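Source file data-v2.tsv; content: TSV, C-alpha atoms.
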```
chain	number	residue	atom	x	y	z
A	1	MET	CA	-26.50	52.07	-19.85
A	2	LEU	CA	-25.65	50.08	-16.74
A	3	ALA	CA	-28.45	49.01	-14.41
A	4	ARG	CA	-27.23	51.29	-11.60
A	5	GLN	CA	-27.11	54.30	-13.94
A	6	ARG	CA	-30.63	53.52	-15.17
A	7	GLN	CA	-31.88	53.19	-11.60
A	8	ASN	CA	-30.31	56.53	-10.62
A	9	THR	CA	-32.06	58.17	-13.57
A	10	ILE	CA	-35.35	56.61	-12.49
A	11	LEU	CA	-34.83	58.06	-9.01
A	12	GLU	CA	-34.20	61.49	-10.51
A	13	MET	CA	-37.39	61.26	-12.58
A	14	ILE	CA	-39.45	60.26	-9.56
A	15	ALA	CA	-37.92	63.06	-7.50
A	16	ASP	CA	-38.87	65.57	-10.21
A	17	GLN	CA	-42.29	64.21	-11.19
A	18	GLY	CA	-43.47	62.37	-8.09
A	19	SER	CA	-44.16	59.18	-10.04
A	20	VAL	CA	-43.29	57.24	-13.21
A	21	ARG	CA	-45.00	54.60	-15.32
A	22	VAL	CA	-43.35	51.41	-16.51
A	23	ALA	CA	-44.41	52.09	-20.11
A	24	THR	CA	-42.74	55.52	-20.02
A	25	LEU	CA	-39.49	54.05	-18.71
A	26	VAL	CA	-39.52	51.27	-21.33
A	27	ARG	CA	-39.71	53.90	-24.09
A	28	LYS	CA	-37.09	56.14	-22.50
A	29	PHE	CA	-34.45	53.46	-21.96
A	30	GLY	CA	-35.26	51.14	-24.85
A	31	VAL	CA	-35.31	48.07	-22.60
A	32	SER	CA	-37.90	45.43	-21.82
A	33	ASP	CA	-40.83	45.75	-19.49
A	34	MET	CA	-39.26	43.03	-17.30
A	35	THR	CA	-35.98	44.95	-17.02
A	36	ILE	CA	-37.77	48.06	-15.77
A	37	ARG	CA	-39.80	46.06	-13.29
A	38	ARG	CA	-36.59	44.54	-11.93
A	39	ASP	CA	-35.14	48.05	-11.55
A	40	LEU	CA	-38.20	49.14	-9.60
A	41	GLU	CA	-37.99	46.04	-7.41
A	42	VAL	CA	-34.38	46.91	-6.53
A	43	LEU	CA	-35.21	50.51	-5.68
A	44	ALA	CA	-38.28	49.52	-3.66
A	45	ALA	CA	-36.25	46.94	-1.71
A	46	GLN	CA	-33.83	49.72	-0.77
A	47	GLY	CA	-36.71	51.81	0.51
A	48	LEU	CA	-36.11	54.53	-2.09
A	49	ILE	CA	-39.47	54.33	-3.90
A	50	ALA	CA	-42.94	52.87	-3.47
A	51	LYS	CA	-44.15	50.46	-6.16
A	52	VAL	CA	-47.70	50.92	-7.43
A	53	HIS	CA	-49.73	49.28	-10.18
A	54	GLY	CA	-48.10	50.14	-13.50
A	55	GLY	CA	-45.17	52.10	-12.07
A	56	ALA	CA	-43.70	53.69	-8.96
A	57	THR	CA	-44.07	56.78	-6.82
A	58	SER	CA	-41.92	58.85	-4.53
A	59	ARG	CA	-41.88	58.05	-0.84
A	60	ASP	CA	-41.98	61.82	-0.22
A	61	GLY	CA	-45.55	61.76	1.03
A	62	SER	CA	-45.88	63.04	4.59
A	63	SER	CA	-45.60	60.13	6.98
A	64	THR	CA	-46.52	59.44	10.57
A	65	GLU	CA	-45.45	55.78	10.36
A	66	GLU	CA	-42.90	55.04	13.08
A	67	PRO	CA	-41.54	51.47	13.22
A	68	GLY	CA	-40.38	50.20	16.60
A	69	PHE	CA	-36.73	50.18	17.67
A	70	VAL	CA	-36.27	46.41	17.28
A	71	THR	CA	-37.74	46.47	13.77
A	72	LYS	CA	-35.45	49.27	12.63
A	73	SER	CA	-32.30	47.96	14.31
A	74	GLY	CA	-32.01	45.05	11.87
A	75	LEU	CA	-32.23	47.21	8.75
A	76	GLN	CA	-29.12	48.42	6.84
A	77	ALA	CA	-26.88	47.10	9.63
A	78	ALA	CA	-23.63	47.23	7.62
A	79	GLU	CA	-24.35	50.78	6.49
A	80	LYS	CA	-25.07	51.91	10.04
A	81	GLU	CA	-21.85	50.33	11.32
A	82	ALA	CA	-19.78	52.16	8.70
A	83	ILE	CA	-21.53	55.46	9.41
A	84	ALA	CA	-21.06	54.98	13.15
A	85	ARG	CA	-17.34	54.31	12.81
A	86	ARG	CA	-16.83	57.49	10.83
A	87	ALA	CA	-18.92	59.54	13.26
A	88	ALA	CA	-17.09	58.11	16.28
A	89	ALA	CA	-13.79	59.32	14.83
A	90	MET	CA	-15.10	62.89	15.16
A	91	VAL	CA	-15.61	62.65	18.93
A	92	ALA	CA	-12.72	63.86	21.10
A	93	PRO	CA	-11.96	62.60	24.62
A	94	ASN	CA	-13.37	64.73	27.46
A	95	SER	CA	-15.96	66.34	25.20
A	96	ALA	CA	-19.68	66.77	25.78
A	97	ILE	CA	-21.92	65.40	23.05
A	98	ALA	CA	-25.60	64.67	22.52
A	99	LEU	CA	-27.02	61.59	20.83
A	100	SER	CA	-30.60	61.64	19.60
A	101	ALA	CA	-32.77	58.54	19.55
A	102	GLY	CA	-32.49	56.06	16.70
A	103	THR	CA	-30.82	52.85	15.66
A	104	THR	CA	-27.93	54.60	13.90
A	105	THR	CA	-27.11	56.64	17.00
A	106	TRP	CA	-27.47	53.45	19.08
A	107	THR	CA	-24.90	51.82	16.80
A	108	LEU	CA	-22.71	54.89	17.25
A	109	ALA	CA	-23.01	54.69	21.05
A	110	ARG	CA	-21.40	51.24	20.94
A	111	GLN	CA	-18.43	52.83	19.12
A	112	LEU	CA	-18.10	55.54	21.78
A	113	VAL	CA	-17.92	53.47	24.97
A	114	ASP	CA	-14.11	53.53	24.83
A	115	VAL	CA	-13.79	57.32	24.51
A	116	PRO	CA	-12.39	58.54	27.86
A	117	GLY	CA	-13.98	61.33	29.84
A	118	LEU	CA	-17.03	61.56	27.61
A	119	THR	CA	-20.22	63.30	28.73
A	120	VAL	CA	-23.29	62.15	26.81
A	121	VAL	CA	-26.71	63.80	26.78
A	122	THR	CA	-29.42	61.63	25.25
A	123	ASN	CA	-33.17	61.15	25.06
A	124	SER	CA	-32.73	57.53	23.98
A	125	ILE	CA	-33.22	54.68	26.43
A	126	PRO	CA	-31.22	52.15	24.30
A	127	VAL	CA	-28.35	54.65	23.88
A	128	ALA	CA	-28.21	55.27	27.63
A	129	ASP	CA	-28.23	51.51	28.24
A	130	VAL	CA	-25.15	51.05	26.05
A	131	PHE	CA	-23.10	53.39	28.22
A	132	HIS	CA	-24.59	52.04	31.46
A	133	GLN	CA	-23.64	48.49	30.53
A	134	SER	CA	-20.06	49.51	29.71
A	135	GLY	CA	-19.58	50.44	33.36
A	136	ARG	CA	-16.98	53.18	32.76
A	137	SER	CA	-16.57	55.46	35.76
A	138	ASP	CA	-15.05	58.29	33.68
A	139	GLN	CA	-18.12	58.73	31.46
A	140	THR	CA	-21.22	60.68	32.42
A	141	VAL	CA	-24.61	60.04	30.85
A	142	VAL	CA	-27.43	62.57	31.20
A	143	ILE	CA	-30.86	61.17	30.31
A	144	VAL	CA	-33.69	63.60	29.70
A	145	GLY	CA	-37.17	62.60	30.85
A	146	GLY	CA	-40.43	62.59	28.95
A	147	VAL	CA	-42.94	60.39	27.17
A	148	ARG	CA	-41.63	57.21	25.54
A	149	THR	CA	-42.16	56.75	21.77
A	150	PRO	CA	-42.19	53.53	19.67
A	151	SER	CA	-38.52	54.20	18.86
A	152	ASP	CA	-37.70	54.30	22.60
A	153	ALA	CA	-37.14	58.06	22.62
A	154	LEU	CA	-38.10	60.27	25.56
A	155	VAL	CA	-39.92	63.31	24.20
A	156	GLY	CA	-42.27	66.13	25.09
A	157	PRO	CA	-42.28	69.16	27.40
A	158	VAL	CA	-40.23	67.49	30.16
A	159	ALA	CA	-37.45	66.58	27.73
A	160	VAL	CA	-37.47	70.02	26.11
A	161	ALA	CA	-37.31	71.77	29.50
A	162	ALA	CA	-34.32	69.64	30.53
A	163	LEU	CA	-32.45	70.44	27.32
A	164	ARG	CA	-32.93	74.22	27.53
A	165	SER	CA	-30.23	74.58	30.16
A	166	LEU	CA	-27.67	72.28	28.52
A	167	ASN	CA	-24.83	73.03	26.10
A	168	VAL	CA	-22.84	70.40	24.21
A	169	ASP	CA	-19.98	70.44	21.74
A	170	MET	CA	-21.71	68.29	19.15
A	171	LEU	CA	-25.05	66.64	18.42
A	172	MET	CA	-25.16	63.35	16.54
A	173	LEU	CA	-28.67	63.36	15.09
A	174	GLY	CA	-30.48	60.41	13.57
A	175	VAL	CA	-33.42	61.17	11.27
A	176	HIS	CA	-36.38	59.41	9.66
A	177	GLY	CA	-36.15	61.19	6.32
A	178	ILE	CA	-34.08	63.60	4.23
A	179	SER	CA	-35.56	65.78	1.50
A	180	PRO	CA	-34.16	68.78	-0.37
A	181	ARG	CA	-37.59	70.39	-0.07
A	182	VAL	CA	-38.24	70.07	3.68
A	183	GLY	CA	-34.91	69.00	5.19
A	184	PHE	CA	-34.50	66.46	8.00
A	185	THR	CA	-37.76	65.02	9.30
A	186	THR	CA	-39.38	62.68	11.82
A	187	PRO	CA	-42.81	60.96	11.90
A	188	ASN	CA	-43.34	61.95	15.55
A	189	LEU	CA	-44.41	65.53	16.37
A	190	LEU	CA	-43.18	65.43	19.96
A	191	GLU	CA	-39.87	63.92	18.90
A	192	ALA	CA	-39.41	66.77	16.43
A	193	GLU	CA	-39.85	69.30	19.23
A	194	THR	CA	-37.31	67.48	21.40
A	195	ASN	CA	-34.86	67.21	18.51
A	196	HIS	CA	-35.23	70.97	17.94
A	197	ALA	CA	-34.11	71.44	21.53
A	198	LEU	CA	-31.14	69.10	20.98
A	199	VAL	CA	-30.10	71.09	17.91
A	200	ARG	CA	-30.27	74.35	19.86
A	201	ALA	CA	-28.11	72.89	22.64
A	202	ALA	CA	-25.24	71.93	20.29
A	203	ARG	CA	-22.47	74.02	18.78
A	204	ARG	CA	-22.10	71.56	15.89
A	205	LEU	CA	-24.73	69.40	14.17
A	206	VAL	CA	-23.73	66.06	12.64
A	207	VAL	CA	-26.52	64.08	10.97
A	208	VAL	CA	-26.04	60.31	10.62
A	209	ALA	CA	-28.34	58.48	8.19
A	210	ASP	CA	-28.19	55.58	5.76
A	211	HIS	CA	-29.14	56.02	2.10
A	212	THR	CA	-32.72	54.72	2.52
A	213	LYS	CA	-33.60	57.95	4.36
A	214	TRP	CA	-33.16	59.94	1.15
A	215	GLY	CA	-36.53	60.98	-0.30
A	216	LEU	CA	-38.52	60.11	2.81
A	217	ILE	CA	-40.54	62.84	4.51
A	218	GLY	CA	-41.90	62.54	8.04
A	219	ILE	CA	-44.72	64.74	9.24
A	220	SER	CA	-42.47	67.21	11.07
A	221	THR	CA	-39.23	68.93	10.08
A	222	ILE	CA	-36.37	68.84	12.59
A	223	ALA	CA	-33.92	71.08	10.72
A	224	GLN	CA	-33.16	72.32	7.22
A	225	LEU	CA	-30.35	70.75	5.23
A	226	GLY	CA	-28.19	73.84	5.64
A	227	ASP	CA	-28.39	73.58	9.43
A	228	ALA	CA	-26.15	70.49	9.39
A	229	ASP	CA	-22.41	71.04	9.59
A	230	THR	CA	-21.76	67.44	8.54
A	231	LEU	CA	-23.93	64.71	7.03
A	232	ILE	CA	-22.62	61.13	7.07
A	233	MET	CA	-24.29	58.65	4.73
A	234	ASP	CA	-23.31	55.50	2.81
A	235	THR	CA	-22.43	54.67	-0.79
A	236	GLY	CA	-25.96	53.52	-1.56
A	237	LEU	CA	-26.83	57.21	-1.90
A	238	PRO	CA	-27.42	58.05	-5.60
A	239	GLN	CA	-25.08	60.57	-7.24
A	240	GLU	CA	-27.98	62.92	-7.96
A	241	ALA	CA	-28.76	62.99	-4.25
A	242	ARG	CA	-25.11	63.63	-3.39
A	243	ASP	CA	-25.04	66.59	-5.76
A	244	GLN	CA	-28.18	68.09	-4.22
A	245	LEU	CA	-26.97	67.60	-0.67
A	246	SER	CA	-23.56	69.10	-1.41
A	247	GLU	CA	-25.26	72.32	-2.48
A	248	HIS	CA	-26.69	72.77	1.03
A	249	ILE	CA	-24.36	71.06	3.49
A	250	GLU	CA	-20.82	72.14	4.30
A	251	GLU	CA	-19.45	68.61	4.61
A	252	LEU	CA	-21.01	65.51	3.04
A	253	VAL	CA	-19.20	62.31	4.02
A	254	VAL	CA	-20.03	59.10	2.14
A	255	VAL	CA	-18.74	55.88	3.66
A	256	ASP	CA	-18.46	52.40	2.17
A	257	PRO	CA	-20.11	49.64	4.24
A	258	VAL	CA	-17.35	47.28	3.06
A	259	ASP	CA	-14.51	49.74	3.63
A	260	PRO	CA	-15.48	52.33	6.27
A	261	ALA	CA	-12.37	54.40	5.48
A	262	ALA	CA	-13.61	55.11	1.95
A	263	SER	CA	-15.34	58.41	1.21
```
Encoded form using structure tokens:
Amino acid sequence: MLARQRQNTILEMIADQGSVRVATLVRKFGVSDMTIRRDLEVLAAQGLIAKVHGGATSRDGSSTEEPGFVTKSGLQAAEKEAIARRAAAMVAPNSAIALSAGTTTWTLARQLVDVPGLTVVTNSIPVADVFHQSGRSDQTVVIVGGVRTPSDALVGPVAVAALRSLNVDMLMLGVHGISPRVGFTTPNLLEAETNHALVRAARRLVVVADHTKWGLIGISTIAQLGDADTLIMDTGLPQEARDQLSEHIEELVVVDPVDPAAS
């Protein structure tokens, strides 16, 4: 069995059982203790599992950890660029779209500055800055107000009230975690409420997320998997995860960070 196949099987076992022990994996695969530990190191480095003494656990535990925007912007940069290019191709000139907060949507914003006649609704300060700096007179950016989070999102009652009266063609939603059990999640309760309002304002929901979001669960659910019309992720997503997601989502698009046209 190839290392990648073994690692995918380990991910499936952790998803089913919540945790695995090195000794159990050694017996199952008939390989050395060192080989299994290397597999776990690879998966942990990708953010797919959490290593513990003697084994590994799922990262499914409810989380309120919210890294800052600068910290997150340097992670999985190639994957985010590929996802952003594919998402940008879905945006038509003269349309009205919403972009949630997040580093993937920020990367997407940089792909959208050349789309003519675009109207953008966002609760993200960095996303709004991208369009402001482009200086295009034919684009309109609507920024909702609210309380600023560590990820530079504007959230809370003011943001929700502003979104209630708006309608957009499409929402490009970034998320903290994706789980078949609880759907798309965030570690910030107020951000979840604001994202709910963004979802309600859009006729079509497109979720953009790199593969490390699979298996993570934030404290609050934004939407169920079936609420997304399209989910765009990268080729680091295990096949088992692709199969599960395809059961719930109408269109799963998987892009290659090396070749963004691949799917």
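Taking CA of Val20 (chain A) as the reference point, CA of Gly55 (chain A) is found at 5.6 Å.
When all atoms listed in the file are used to measure the gap to Ala223 (chain A), the shortest distance among A:Gly174, A:Pro238, A:Gly183, A:Pro93 belongs to A:Gly183.
Using all atoms listed in the file, the protein and nucleic acid residues lying at most 10 Å from the point (-22.1, 67.6, 4.2) are Val206, Val207, Leu225, Gly226, Ala228, Asp229, Thr230, Leu231, Ile232, Met233, Arg242, Leu245, Ser246, Glu247, His248, Ile249, Glu250, Glu251, Leu252, Val253 and Val254 of chain A.
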Any chance you could work out the axis-aligned box around region 162-181 of chain A, listed atoms only, 4 Å on each side, giving centre and edge lengths in Å to one decimal, as JSON?
```
{"center_x": -28.8, "center_y": 67.0, "center_z": 15.1, "size_x": 25.6, "size_y": 23.2, "size_z": 38.9}
```
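Taking only C-alpha atoms into account, Thr103 (chain A) lies nearest to A:Ala209 out of the set A:Ala209, A:Leu166, A:Val121, A:Pro180.
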**Report entry** Residue contacts of Glu41 (chain A) (12 Å, all atoms listed in the file) excluding same-chain residues fewer than 4 positions away, as a VMD selection string
**Finding:** chain A and resid 7 22 34 to 37 45 to 52 55 to 56
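The space separating CA of Phe131 (chain A) from CA of Leu163 (chain A) comes to 19.5 Å.
The gap separating CA of Arg27 (chain A) from CA of Val42 (chain A) is 19.6 Å, in Å to one decimal.
For Arg203 (chain A), the non-local neighbours within 10 Å, defined as residues at least 6 positions apart in the same chain or in other chains and counting only C-alpha atoms, are Ile97, Asn167, Val168, Asp169, Met170, Leu171 and Asp229 of chain A.
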Report summary line: Using only C-alpha atoms, the residue out of A:Asp234, A:Asp33, A:Asp138, A:Glu240 with shortest distance to Gln76 (chain A) is A:Asp234
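Nearest to Ile14 (chain A) of all the residues A:Thr122, A:Glu79, A:Gly117, A:Leu40 is A:Leu40, counting all atoms listed in the file.
Of the listed residues (A:Pro150, A:His211, A:Leu2, A:Ser165), A:His211 comes nearest to Thr104 (chain A); the distances count only C-alpha atoms.
Closest to Gln239 (chain A) among A:Arg204, A:Arg4, A:Arg38, A:His132 is A:Arg4, based on all atoms listed in the file.
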